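Asker: protein_4.pdb is reproduced in full below (PDB, C-alpha atoms).
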MODEL        1
ATOM      1  CA  MET L   9      27.060 -40.054  18.163
ATOM      2  CA  LEU L  10      30.050 -41.773  16.586
ATOM      3  CA  ARG L  11      28.490 -41.478  13.135
ATOM      4  CA  LEU L  12      27.875 -37.775  13.691
ATOM      5  CA  LEU L  13      31.473 -37.283  14.807
ATOM      6  CA  ILE L  14      32.872 -39.105  11.751
ATOM      7  CA  THR L  15      30.653 -37.076   9.422
ATOM      8  CA  ARG L  16      31.773 -33.865  11.105
ATOM      9  CA  LEU L  17      35.445 -34.775  10.762
ATOM     10  CA  LEU L  18      35.072 -35.694   7.080
ATOM     11  CA  SER L  19      33.276 -32.459   6.252
ATOM     12  CA  THR L  20      35.897 -30.556   8.192
ATOM     13  CA  ALA L  21      38.697 -32.209   6.222
ATOM     14  CA  VAL L  22      37.004 -31.202   2.964
ATOM     15  CA  VAL L  23      36.647 -27.610   4.160
ATOM     16  CA  VAL L  24      40.280 -27.375   5.268
ATOM     17  CA  LEU L  25      41.467 -28.869   1.973
ATOM     18  CA  GLY L  26      39.343 -26.383   0.050
ATOM     19  CA  VAL L  27      40.785 -23.501   2.059
ATOM     20  CA  VAL L  28      44.326 -24.716   1.423
ATOM     21  CA  CYS L  29      43.750 -24.940  -2.340
ATOM     22  CA  LEU L  30      41.990 -21.571  -2.526
ATOM     23  CA  VAL L  31      44.657 -19.741  -0.545
ATOM     24  CA  PHE L  32      47.418 -21.406  -2.570
ATOM     25  CA  LEU L  33      45.893 -20.242  -5.843
ATOM     26  CA  LEU L  34      45.059 -16.731  -4.606
ATOM     27  CA  ILE L  35      48.499 -16.073  -3.147
ATOM     28  CA  HIS L  36      50.088 -17.062  -6.455
ATOM     29  CA  LEU L  37      47.760 -14.734  -8.366
ATOM     30  CA  VAL L  38      48.618 -11.713  -6.216
ATOM     31  CA  PRO L  39      50.842  -9.281  -8.174
ATOM     32  CA  GLY L  40      54.474  -9.479  -7.144
ATOM     33  CA  ASP L  41      57.279 -11.983  -7.296
ATOM     34  CA  PRO L  42      59.110 -13.313  -4.235
ATOM     35  CA  VAL L  43      62.276 -13.564  -6.327
ATOM     36  CA  ASP L  44      62.161  -9.832  -7.013
ATOM     37  CA  VAL L  45      61.641  -9.172  -3.306
ATOM     38  CA  MET L  46      64.592 -11.372  -2.362
ATOM     39  CA  LEU L  47      67.095 -10.289  -5.039
ATOM     40  CA  GLY L  48      65.809  -6.862  -5.983
ATOM     41  CA  GLU L  49      64.559  -5.665  -9.337
ATOM     42  CA  ASN L  50      68.105  -5.025 -10.622
ATOM     43  CA  ALA L  51      69.257  -8.635 -10.244
ATOM     44  CA  GLN L  52      70.580 -10.496 -13.251
ATOM     45  CA  MET L  53      68.149 -12.683 -15.158
ATOM     46  CA  ALA L  54      70.368 -15.747 -14.688
ATOM     47  CA  ASP L  55      70.405 -15.261 -10.922
ATOM     48  CA  ARG L  56      66.655 -14.826 -10.834
ATOM     49  CA  GLN L  57      66.111 -17.953 -12.907
ATOM     50  CA  ALA L  58      68.485 -19.995 -10.760
ATOM     51  CA  LEU L  59      66.733 -18.909  -7.564
ATOM     52  CA  ARG L  60      63.344 -19.607  -9.101
ATOM     53  CA  GLU L  61      64.419 -23.166  -9.956
ATOM     54  CA  ALA L  62      65.929 -23.670  -6.506
ATOM     55  CA  LEU L  63      62.654 -22.653  -4.868
ATOM     56  CA  GLY L  64      60.545 -24.696  -7.273
ATOM     57  CA  LEU L  65      58.683 -21.633  -8.518
ATOM     58  CA  ASN L  66      59.410 -22.438 -12.149
ATOM     59  CA  GLN L  67      57.005 -25.384 -12.092
ATOM     60  CA  PRO L  68      53.344 -25.042 -13.157
ATOM     61  CA  ILE L  69      50.998 -23.948 -10.388
ATOM     62  CA  GLY L  70      49.164 -27.271 -10.526
ATOM     63  CA  ASN L  71      52.347 -29.215  -9.872
ATOM     64  CA  GLN L  72      53.297 -26.869  -7.050
ATOM     65  CA  LEU L  73      49.864 -27.352  -5.469
ATOM     66  CA  LEU L  74      50.040 -31.150  -5.660
ATOM     67  CA  THR L  75      53.543 -31.104  -4.194
ATOM     68  CA  TYR L  76      52.406 -28.866  -1.363
ATOM     69  CA  ILE L  77      49.375 -31.035  -0.510
ATOM     70  CA  GLY L  78      51.537 -34.164  -0.613
ATOM     71  CA  ASN L  79      53.984 -32.586   1.806
ATOM     72  CA  LEU L  80      51.100 -31.599   4.109
ATOM     73  CA  PHE L  81      50.047 -35.224   4.445
ATOM     74  CA  LYS L  82      53.626 -35.954   5.512
ATOM     75  CA  GLY L  83      53.483 -33.201   8.119
ATOM     76  CA  ASP L  84      55.896 -30.996   6.185
ATOM     77  CA  LEU L  85      54.832 -27.347   5.987
ATOM     78  CA  GLY L  86      57.877 -26.415   3.937
ATOM     79  CA  GLN L  87      60.510 -23.749   4.446
ATOM     80  CA  SER L  88      60.328 -19.988   4.381
ATOM     81  CA  LEU L  89      61.428 -18.618   1.011
ATOM     82  CA  HIS L  90      63.380 -15.850   2.709
ATOM     83  CA  SER L  91      64.884 -17.177   5.929
ATOM     84  CA  ARG L  92      65.021 -20.830   4.770
ATOM     85  CA  THR L  93      63.710 -21.688   8.238
ATOM     86  CA  PRO L  94      61.169 -24.520   8.633
ATOM     87  CA  VAL L  95      57.708 -23.013   8.694
ATOM     88  CA  SER L  96      56.642 -25.290  11.542
ATOM     89  CA  SER L  97      59.309 -23.829  13.822
ATOM     90  CA  MET L  98      58.237 -20.287  12.884
ATOM     91  CA  LEU L  99      54.646 -21.100  13.831
ATOM     92  CA  LEU L 100      55.678 -22.692  17.119
ATOM     93  CA  GLU L 101      57.546 -19.502  18.006
ATOM     94  CA  ARG L 102      54.506 -17.306  17.322
ATOM     95  CA  ILE L 103      51.621 -19.440  18.626
ATOM     96  CA  PRO L 104      52.243 -18.838  22.373
ATOM     97  CA  ALA L 105      52.065 -15.051  21.928
ATOM     98  CA  THR L 106      48.772 -15.266  20.028
ATOM     99  CA  VAL L 107      47.222 -17.717  22.506
ATOM    100  CA  GLU L 108      48.303 -15.543  25.419
ATOM    101  CA  LEU L 109      46.838 -12.394  23.875
ATOM    102  CA  ALA L 110      43.627 -14.176  22.835
ATOM    103  CA  LEU L 111      42.914 -15.594  26.291
ATOM    104  CA  VAL L 112      43.579 -12.300  28.060
ATOM    105  CA  SER L 113      41.414 -10.459  25.500
ATOM    106  CA  LEU L 114      38.623 -12.977  26.046
ATOM    107  CA  LEU L 115      38.871 -12.448  29.801
ATOM    108  CA  VAL L 116      38.679  -8.657  29.323
ATOM    109  CA  ALA L 117      35.648  -9.078  27.063
ATOM    110  CA  CYS L 118      33.818 -11.269  29.595
ATOM    111  CA  LEU L 119      34.580  -8.916  32.487
ATOM    112  CA  ILE L 120      33.068  -6.052  30.497
ATOM    113  CA  ALA L 121      30.247  -7.800  28.650
ATOM    114  CA  PHE L 122      28.542  -9.865  31.340
ATOM    115  CA  PRO L 123      27.993  -7.013  33.824
ATOM    116  CA  LEU L 124      26.849  -4.700  31.016
ATOM    117  CA  GLY L 125      24.482  -7.288  29.558
ATOM    118  CA  ILE L 126      23.006  -8.274  32.918
ATOM    119  CA  ILE L 127      22.491  -4.647  33.965
ATOM    120  CA  ALA L 128      20.833  -3.859  30.640
ATOM    121  CA  ALA L 129      18.523  -6.877  30.844
ATOM    122  CA  LEU L 130      17.438  -6.152  34.414
ATOM    123  CA  ASN L 131      16.757  -2.490  33.595
ATOM    124  CA  ARG L 132      15.103  -2.868  30.205
ATOM    125  CA  GLY L 133      14.080   0.469  28.729
ATOM    126  CA  LYS L 134      15.617   2.444  31.584
ATOM    127  CA  ALA L 135      18.635   4.732  31.668
ATOM    128  CA  TRP L 136      20.982   1.885  32.687
ATOM    129  CA  ASP L 137      19.839  -0.130  29.676
ATOM    130  CA  LYS L 138      20.338   2.745  27.243
ATOM    131  CA  THR L 139      23.748   3.578  28.719
ATOM    132  CA  ALA L 140      24.978  -0.016  28.547
ATOM    133  CA  MET L 141      23.780  -0.483  24.971
ATOM    134  CA  GLY L 142      25.273   2.895  24.046
ATOM    135  CA  VAL L 143      28.644   1.720  25.304
ATOM    136  CA  SER L 144      28.140  -1.494  23.344
ATOM    137  CA  LEU L 145      27.299   0.418  20.173
ATOM    138  CA  LEU L 146      30.406   2.550  20.622
ATOM    139  CA  GLY L 147      32.546  -0.563  20.960
ATOM    140  CA  VAL L 148      31.115  -2.030  17.754
ATOM    141  CA  SER L 149      31.525   1.227  15.833
ATOM    142  CA  VAL L 150      35.165   1.939  16.684
ATOM    143  CA  PRO L 151      37.468  -0.332  14.610
ATOM    144  CA  ASN L 152      40.640  -1.825  16.037
ATOM    145  CA  PHE L 153      42.909   0.099  13.672
ATOM    146  CA  LEU L 154      41.509   3.328  15.168
ATOM    147  CA  LEU L 155      41.141   2.308  18.808
ATOM    148  CA  GLY L 156      44.679   0.894  18.979
ATOM    149  CA  PRO L 157      46.498   4.099  17.935
ATOM    150  CA  VAL L 158      44.200   6.188  20.159
ATOM    151  CA  LEU L 159      45.112   4.057  23.177
ATOM    152  CA  ILE L 160      48.792   4.334  22.259
ATOM    153  CA  LEU L 161      48.580   8.125  22.001
ATOM    154  CA  LEU L 162      46.756   8.402  25.329
ATOM    155  CA  PHE L 163      48.358   5.821  27.618
ATOM    156  CA  SER L 164      51.810   5.391  26.032
ATOM    157  CA  ILE L 165      52.817   8.726  24.519
ATOM    158  CA  SER L 166      50.823  11.262  26.551
ATOM    159  CA  LEU L 167      50.767   9.571  29.976
ATOM    160  CA  GLY L 168      53.740   7.236  29.548
ATOM    161  CA  TRP L 169      52.104   4.486  31.584
ATOM    162  CA  LEU L 170      52.384   1.598  29.134
ATOM    163  CA  PRO L 171      54.754   0.447  26.365
ATOM    164  CA  VAL L 172      53.980   1.525  22.815
ATOM    165  CA  SER L 173      54.464  -1.848  21.175
ATOM    166  CA  GLY L 174      56.201  -5.200  21.368
ATOM    167  CA  LYS L 175      55.960  -7.978  23.926
ATOM    168  CA  ASP L 176      57.830  -7.239  27.104
ATOM    169  CA  GLY L 177      56.015  -8.285  30.250
ATOM    170  CA  LEU L 178      52.424  -7.866  31.391
ATOM    171  CA  ALA L 179      52.380  -4.116  30.812
ATOM    172  CA  SER L 180      52.841  -4.547  27.063
ATOM    173  CA  MET L 181      49.766  -6.803  26.919
ATOM    174  CA  VAL L 182      47.335  -4.301  28.411
ATOM    175  CA  LEU L 183      46.649  -2.144  25.355
ATOM    176  CA  PRO L 184      46.383  -4.985  22.790
ATOM    177  CA  ALA L 185      44.095  -6.947  25.121
ATOM    178  CA  ILE L 186      41.833  -3.941  25.677
ATOM    179  CA  THR L 187      41.734  -3.241  21.934
ATOM    180  CA  LEU L 188      40.658  -6.796  21.142
ATOM    181  CA  GLY L 189      38.530  -7.296  24.240
ATOM    182  CA  THR L 190      36.373  -4.196  23.843
ATOM    183  CA  ALA L 191      35.376  -5.148  20.304
ATOM    184  CA  LEU L 192      34.290  -8.601  21.468
ATOM    185  CA  ALA L 193      32.652  -7.216  24.612
ATOM    186  CA  ALA L 194      30.458  -4.928  22.528
ATOM    187  CA  VAL L 195      28.927  -7.853  20.633
ATOM    188  CA  LEU L 196      28.869 -10.186  23.624
ATOM    189  CA  SER L 197      27.050  -7.746  25.920
ATOM    190  CA  ARG L 198      24.199  -7.407  23.451
ATOM    191  CA  MET L 199      23.950 -11.186  23.207
ATOM    192  CA  VAL L 200      23.872 -11.520  27.019
ATOM    193  CA  ARG L 201      21.110  -8.928  27.217
ATOM    194  CA  SER L 202      18.910 -10.486  24.526
ATOM    195  CA  THR L 203      19.225 -14.060  25.813
ATOM    196  CA  LEU L 204      18.582 -13.017  29.411
ATOM    197  CA  LEU L 205      15.455 -11.107  28.392
ATOM    198  CA  GLU L 206      14.088 -14.291  26.834
ATOM    199  CA  VAL L 207      14.874 -16.438  29.876
ATOM    200  CA  LEU L 208      13.703 -14.048  32.615
ATOM    201  CA  HIS L 209      10.052 -14.567  31.635
ATOM    202  CA  GLU L 210      10.151 -18.366  31.856
ATOM    203  CA  ASP L 211       8.063 -20.273  34.410
ATOM    204  CA  TYR L 212      11.009 -21.695  36.331
ATOM    205  CA  ILE L 213      12.309 -18.161  36.943
ATOM    206  CA  ARG L 214       8.979 -17.169  38.476
ATOM    207  CA  THR L 215       9.083 -20.361  40.544
ATOM    208  CA  ALA L 216      12.565 -19.537  41.828
ATOM    209  CA  ARG L 217      11.418 -16.064  42.814
ATOM    210  CA  ALA L 218       8.344 -17.499  44.518
ATOM    211  CA  LYS L 219      10.617 -19.660  46.679
ATOM    212  CA  GLY L 220      12.101 -16.488  48.112
ATOM    213  CA  LEU L 221      15.478 -16.558  46.346
ATOM    214  CA  SER L 222      17.224 -13.220  46.032
ATOM    215  CA  HIS L 223      17.124 -11.390  42.708
ATOM    216  CA  ILE L 224      20.870 -11.757  42.159
ATOM    217  CA  ARG L 225      20.785 -15.477  42.959
ATOM    218  CA  VAL L 226      17.941 -16.044  40.505
ATOM    219  CA  VAL L 227      19.813 -14.273  37.716
ATOM    220  CA  ILE L 228      23.242 -15.797  38.347
ATOM    221  CA  PHE L 229      22.288 -19.394  39.178
ATOM    222  CA  HIS L 230      19.039 -19.897  37.264
ATOM    223  CA  ALA L 231      18.644 -17.452  34.394
ATOM    224  CA  LEU L 232      22.230 -17.050  33.190
ATOM    225  CA  PRO L 233      23.117 -20.789  32.879
ATOM    226  CA  ASN L 234      19.985 -21.369  30.773
ATOM    227  CA  ALA L 235      20.891 -18.430  28.548
ATOM    228  CA  MET L 236      24.442 -19.601  27.920
ATOM    229  CA  LEU L 237      24.049 -21.655  24.719
ATOM    230  CA  PRO L 238      23.879 -18.700  22.272
ATOM    231  CA  ILE L 239      26.569 -16.956  24.282
ATOM    232  CA  ILE L 240      28.849 -19.996  24.065
ATOM    233  CA  THR L 241      28.311 -20.101  20.307
ATOM    234  CA  LEU L 242      29.418 -16.501  19.996
ATOM    235  CA  LEU L 243      32.354 -17.035  22.345
ATOM    236  CA  GLY L 244      33.487 -20.069  20.354
ATOM    237  CA  LEU L 245      33.416 -18.216  17.056
ATOM    238  CA  GLN L 246      35.173 -15.162  18.468
ATOM    239  CA  LEU L 247      37.797 -17.271  20.223
ATOM    240  CA  GLY L 248      38.532 -18.839  16.842
ATOM    241  CA  VAL L 249      39.085 -15.352  15.444
ATOM    242  CA  LEU L 250      41.368 -14.398  18.314
ATOM    243  CA  LEU L 251      43.402 -17.606  18.231
ATOM    244  CA  GLY L 252      43.645 -17.445  14.461
ATOM    245  CA  GLY L 253      45.471 -14.193  14.851
ATOM    246  CA  ALA L 254      44.022 -10.720  15.286
ATOM    247  CA  VAL L 255      45.895  -9.384  12.298
ATOM    248  CA  ILE L 256      45.149  -5.679  12.694
ATOM    249  CA  THR L 257      45.776  -5.501  16.435
ATOM    250  CA  GLU L 258      48.989  -7.524  16.293
ATOM    251  CA  THR L 259      50.241  -5.315  13.465
ATOM    252  CA  VAL L 260      49.384  -2.053  15.255
ATOM    253  CA  PHE L 261      51.126  -3.127  18.459
ATOM    254  CA  SER L 262      53.910  -5.164  16.791
ATOM    255  CA  TRP L 263      52.763  -8.155  18.789
ATOM    256  CA  PRO L 264      54.821 -11.193  17.699
ATOM    257  CA  GLY L 265      51.913 -13.510  16.970
ATOM    258  CA  ILE L 266      50.380 -15.361  14.055
ATOM    259  CA  GLY L 267      48.619 -12.261  12.709
ATOM    260  CA  LYS L 268      51.845 -10.257  12.518
ATOM    261  CA  LEU L 269      53.622 -13.220  10.937
ATOM    262  CA  THR L 270      50.888 -13.467   8.293
ATOM    263  CA  ILE L 271      51.155  -9.794   7.342
ATOM    264  CA  ASP L 272      54.957  -9.958   7.158
ATOM    265  CA  ALA L 273      54.769 -13.068   4.981
ATOM    266  CA  ILE L 274      52.260 -11.442   2.616
ATOM    267  CA  MET L 275      54.460  -8.384   2.224
ATOM    268  CA  LYS L 276      57.435 -10.602   1.368
ATOM    269  CA  ARG L 277      55.399 -12.956  -0.862
ATOM    270  CA  ASP L 278      56.552 -15.815   1.350
ATOM    271  CA  TYR L 279      54.092 -18.394   0.033
ATOM    272  CA  PRO L 280      54.775 -21.304   2.425
ATOM    273  CA  VAL L 281      54.434 -19.110   5.517
ATOM    274  CA  VAL L 282      51.176 -17.525   4.345
ATOM    275  CA  GLN L 283      49.695 -20.904   3.490
ATOM    276  CA  ALA L 284      50.727 -22.378   6.834
ATOM    277  CA  CYS L 285      49.242 -19.451   8.765
ATOM    278  CA  VAL L 286      45.920 -19.744   6.958
ATOM    279  CA  LEU L 287      45.931 -23.511   7.498
ATOM    280  CA  LEU L 288      46.524 -22.982  11.208
ATOM    281  CA  ILE L 289      43.667 -20.464  11.385
ATOM    282  CA  SER L 290      41.325 -22.910   9.637
ATOM    283  CA  ILE L 291      42.219 -25.774  11.952
ATOM    284  CA  THR L 292      41.778 -23.465  14.932
ATOM    285  CA  TYR L 293      38.229 -22.682  13.872
ATOM    286  CA  VAL L 294      37.485 -26.387  13.537
ATOM    287  CA  VAL L 295      38.920 -27.289  16.948
ATOM    288  CA  VAL L 296      37.111 -24.429  18.652
ATOM    289  CA  ASN L 297      33.786 -25.407  17.077
ATOM    290  CA  VAL L 298      34.181 -29.030  18.199
ATOM    291  CA  PHE L 299      35.093 -27.860  21.685
ATOM    292  CA  THR L 300      32.007 -25.619  21.659
ATOM    293  CA  ASP L 301      29.822 -28.642  20.913
ATOM    294  CA  ILE L 302      31.340 -30.474  23.868
ATOM    295  CA  VAL L 303      30.671 -27.514  26.162
ATOM    296  CA  TYR L 304      27.069 -27.497  24.930
ATOM    297  CA  GLY L 305      26.559 -30.942  26.397
ATOM    298  CA  TRP L 306      28.219 -29.973  29.651
ATOM    299  CA  ILE L 307      26.101 -26.829  30.079
ATOM    300  CA  ASP L 308      22.753 -28.192  28.888
ATOM    301  CA  PRO L 309      21.874 -31.890  29.472
ATOM    302  CA  ARG L 310      19.196 -31.623  26.787
ATOM    303  CA  VAL L 311      21.958 -31.546  24.173
ATOM    304  CA  ARG L 312      23.409 -34.836  25.477
ATOM    305  CA  LEU L 313      19.978 -36.448  25.515
ATOM    306  CA  GLY L 314      19.347 -35.252  21.965
ATOM    307  CA  ASP L 315      22.610 -36.844  20.792
ATOM    308  CA  ARG L 316      21.731 -40.179  22.414
ATOM    309  CA  SER L 317      18.380 -40.270  20.732
TER     310      SER L 317
ENDMDL
END
Represent the structure from my file as structure tokens, please.

Answerer:
Amino acid sequence: MLRLLITRLLSTAVVVLGVVCLVFLLIHLVPGDPVDVMLGENAQMADRQALREALGLNQPIGNQLLTYIGNLFKGDLGQSLHSRTPVSSMLLERIPATVELALVSLLVACLIAFPLGIIAALNRGKAWDKTAMGVSLLGVSVPNFLLGPVLILLFSISLGWLPVSGKDGLASMVLPAITLGTALAAVLSRMVRSTLLEVLHEDYIRTARAKGLSHIRVVIFHALPNAMLPIITLLGLQLGVLLGGAVITETVFSWPGIGKLTIDAIMKRDYPVVQACVLLISITYVVVNVFTDIVYGWIDPRVRLGDRS
């Protein structure tokens, strides 16, 4: 187990390092100059050159990359090119909003997906099944950049029930959470249905029914726990997406999270901020995947026994 953990951590470090290098090179190849954005196109050449030297942008890309990686090992994410604020403090300001939105969106997705998936599995081929999967297909087909504005037009502008954008209390979280949660619920409900259909025909399910247990009790306490491993995998991956920053949704609703910070930094060519956001997203995926492995062992003892062997 220890050897497996060390191997996993080493491979993860290589992946994160590769992501850092790739993003660093790509962001520097994107057309546009942060100096032009900061000073304007009409600035004097001497001023532009002085600012470029002050920011270290006059050095070769290879030297800039090595300097950046060296600073990362020291825990220094650098400073924003525009606000001259430490990038770490900017991330700490935005992380709580993204985590809050991600967890609420995940809760919305589970509240929608599990009932839909269970109903569809128990009524395979019937009207309930077709209706539930139709709702799921609709959720997959409608992108966030379309669903978000539609919800704003309906519930904020037409009805005036909820705020249009920003983060101001629980009411402002409703529309972003629904936008993110419905997209995840659409995929999750189909996974719940397919895994339940596989489990419901197992021998231990027939044994539980033969003992006189109610249909609901058999599904909730016997079938669903044994169908959770694929569902947990999907939840882990999607939670990584949500925690990494739902860029489109946060932009549509002006939600002050990591996704919105990433878009703003890209528009301003703020290299250190973009690189730090992508690094945070990568580490989030890694942490979520490790946590998913731990939950595997807690849900299914066979996973723990397999690790010991």

Asker: Return as number ranges by chain the set of residues that the PyMOL selection byres ((chain L and resi 280) around 12) yields on the displayed structure.

Answerer: L: 28, 31-32, 35-36, 42, 63-65, 72-73, 75-77, 79-80, 84-96, 98-99, 269-270, 273-274, 276-279, 281-287

Asker: Report, in Å to a single decimal, how far apart CA of Ile291 (chain L) and CA of Pro151 (chain L) are.

Answerer: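 Atom-to-atom, CA of Pro151 (chain L) to CA of Ile291 (chain L), that is 26.0 Å.
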
Asker: Show which residues sit within 8 Å of Ala235 (chain L), as a list in words. Count all atoms listed in the file, and ignore same-chain residues fewer than 4 positions away.

Answerer: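 Once the adjacent positions are removed, what remains is Val200, Thr203, Leu204, Val207, Ala231 and Ile239 of chain L.
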
Asker: Go ahead and save the picked residues with C-alpha atoms, as a PDB file, keeping the file's coordinate frame.

Answerer:
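Okay, out19.pdb is ready:
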ATOM      1  CA  VAL L 200      23.872 -11.520  27.019  1.00  0.00           C
ATOM      2  CA  THR L 203      19.225 -14.060  25.813  1.00  0.00           C
ATOM      3  CA  LEU L 204      18.582 -13.017  29.411  1.00  0.00           C
ATOM      4  CA  VAL L 207      14.874 -16.438  29.876  1.00  0.00           C
ATOM      5  CA  ALA L 231      18.644 -17.452  34.394  1.00  0.00           C
ATOM      6  CA  ILE L 239      26.569 -16.956  24.282  1.00  0.00           C
TER       7      ILE L 239
END

Asker: Quick one: residues within 9 Å of Ile120 (chain L), only C-alpha atoms counted, chain neighbours fewer than 3 positions away excluded, as a list in words?

Answerer: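 Returned residues: Leu115, Val116, Ala117, Pro123, Leu124, Gly125, Gly189, Thr190, Ala193, Ala194 and Ser197 of chain L.
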
Asker: May I have the residues within 9 Å of Ala216 (chain L) as a PDB file with C-alpha atoms, in the frame of the given file, using only C-alpha atoms and disregarding those fewer than 6 positions away in the same chain?

Answerer:
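Written out: result_4.pdb:
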ATOM      1  CA  SER L 222      17.224 -13.220  46.032  1.00  0.00           C
ATOM      2  CA  VAL L 226      17.941 -16.044  40.505  1.00  0.00           C
ATOM      3  CA  HIS L 230      19.039 -19.897  37.264  1.00  0.00           C
TER       4      HIS L 230
END

Asker: For CA of Gln246 (chain L) and CA of Ala110 (chain L), determine how far apart the two atoms are, in Å to one decimal place.

Answerer: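 It comes out at 9.6 Å.
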
Asker: Give one line per residue of region 195-252 of chain L that approaches region 170-188 of chain L to at most 12 Å, naming the two atoms of the closest pair and their distance in Å to one decimal, counting all atoms listed in the file; sort by chain then ascending residue number and deliver it as CSV.

Answerer:
residue,atom,partner,partner_atom,distance
L:Val195,CA,L:Leu188,CA,11.8
L:Gln246,CA,L:Leu188,CA,10.4
L:Leu247,CA,L:Leu188,CA,10.9
L:Val249,CA,L:Leu188,CA,10.4
L:Leu250,CA,L:Leu188,CA,8.1
L:Leu251,CA,L:Leu188,CA,11.5

Asker: Which value, in Å to one decimal, gives the distance between CA of Val22 (chain L) and CA of Gln67 (chain L)?

Answerer: 25.7 Å

Asker: Residues within 10 Å of Thr300 (chain L), please, as a VMD selection string. Count all atoms listed in the file; anything in the same chain fewer than 5 positions from it doesn't count.

Answerer: chain L and resid 237 240 to 245 294 to 295 305 to 306

Asker: Taking all atoms listed in the file into account, name the residue in L:Gln52, L:Arg60, L:Ile228, L:Ile69 that is nearest to Leu37 (chain L).

Answerer: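 Answer, going by the shortest atom-to-atom distance: L:Ile69.
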
Asker: Quick one: of L:Thr106, L:Ser166, L:Thr292, L:Ser149, who's nearest to Ile266 (chain L), counting only C-alpha atoms?

Answerer: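 The shortest atom-to-atom distance to Ile266 (chain L) comes from L:Thr106.
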
Asker: Which residue, L:Ala191, L:Leu18, L:Arg201, L:Ala128, has the smallest gap to Leu146 (chain L) when you use only C-alpha atoms?

Answerer: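 Closest candidate: L:Ala191.
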
Asker: Suppose a student applies the PyMOL selection byres ((chain L and resi 140) around 8) to this structure; what residues should they get, written as a PyMOL selection string?

Answerer: chain L and resi 124-125+127-128+136-139+141-144

Asker: Given all atoms listed in the file as the basis, pick out the residue of L:Ala121, L:Leu167, L:Leu232, L:Leu130 nearest to Leu192 (chain L).

Answerer: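 Answer, going by the shortest atom-to-atom distance: L:Ala121.
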
Asker: Box time for region 239-247 of chain L: axis-aligned, enclosing all its listed atoms, 8 Å extra on each side; report centre and edge lengths in Å to one decimal, as JSON.

Answerer:
{"center_x": 32.2, "center_y": -17.6, "center_z": 20.7, "size_x": 27.2, "size_y": 20.9, "size_z": 23.2}
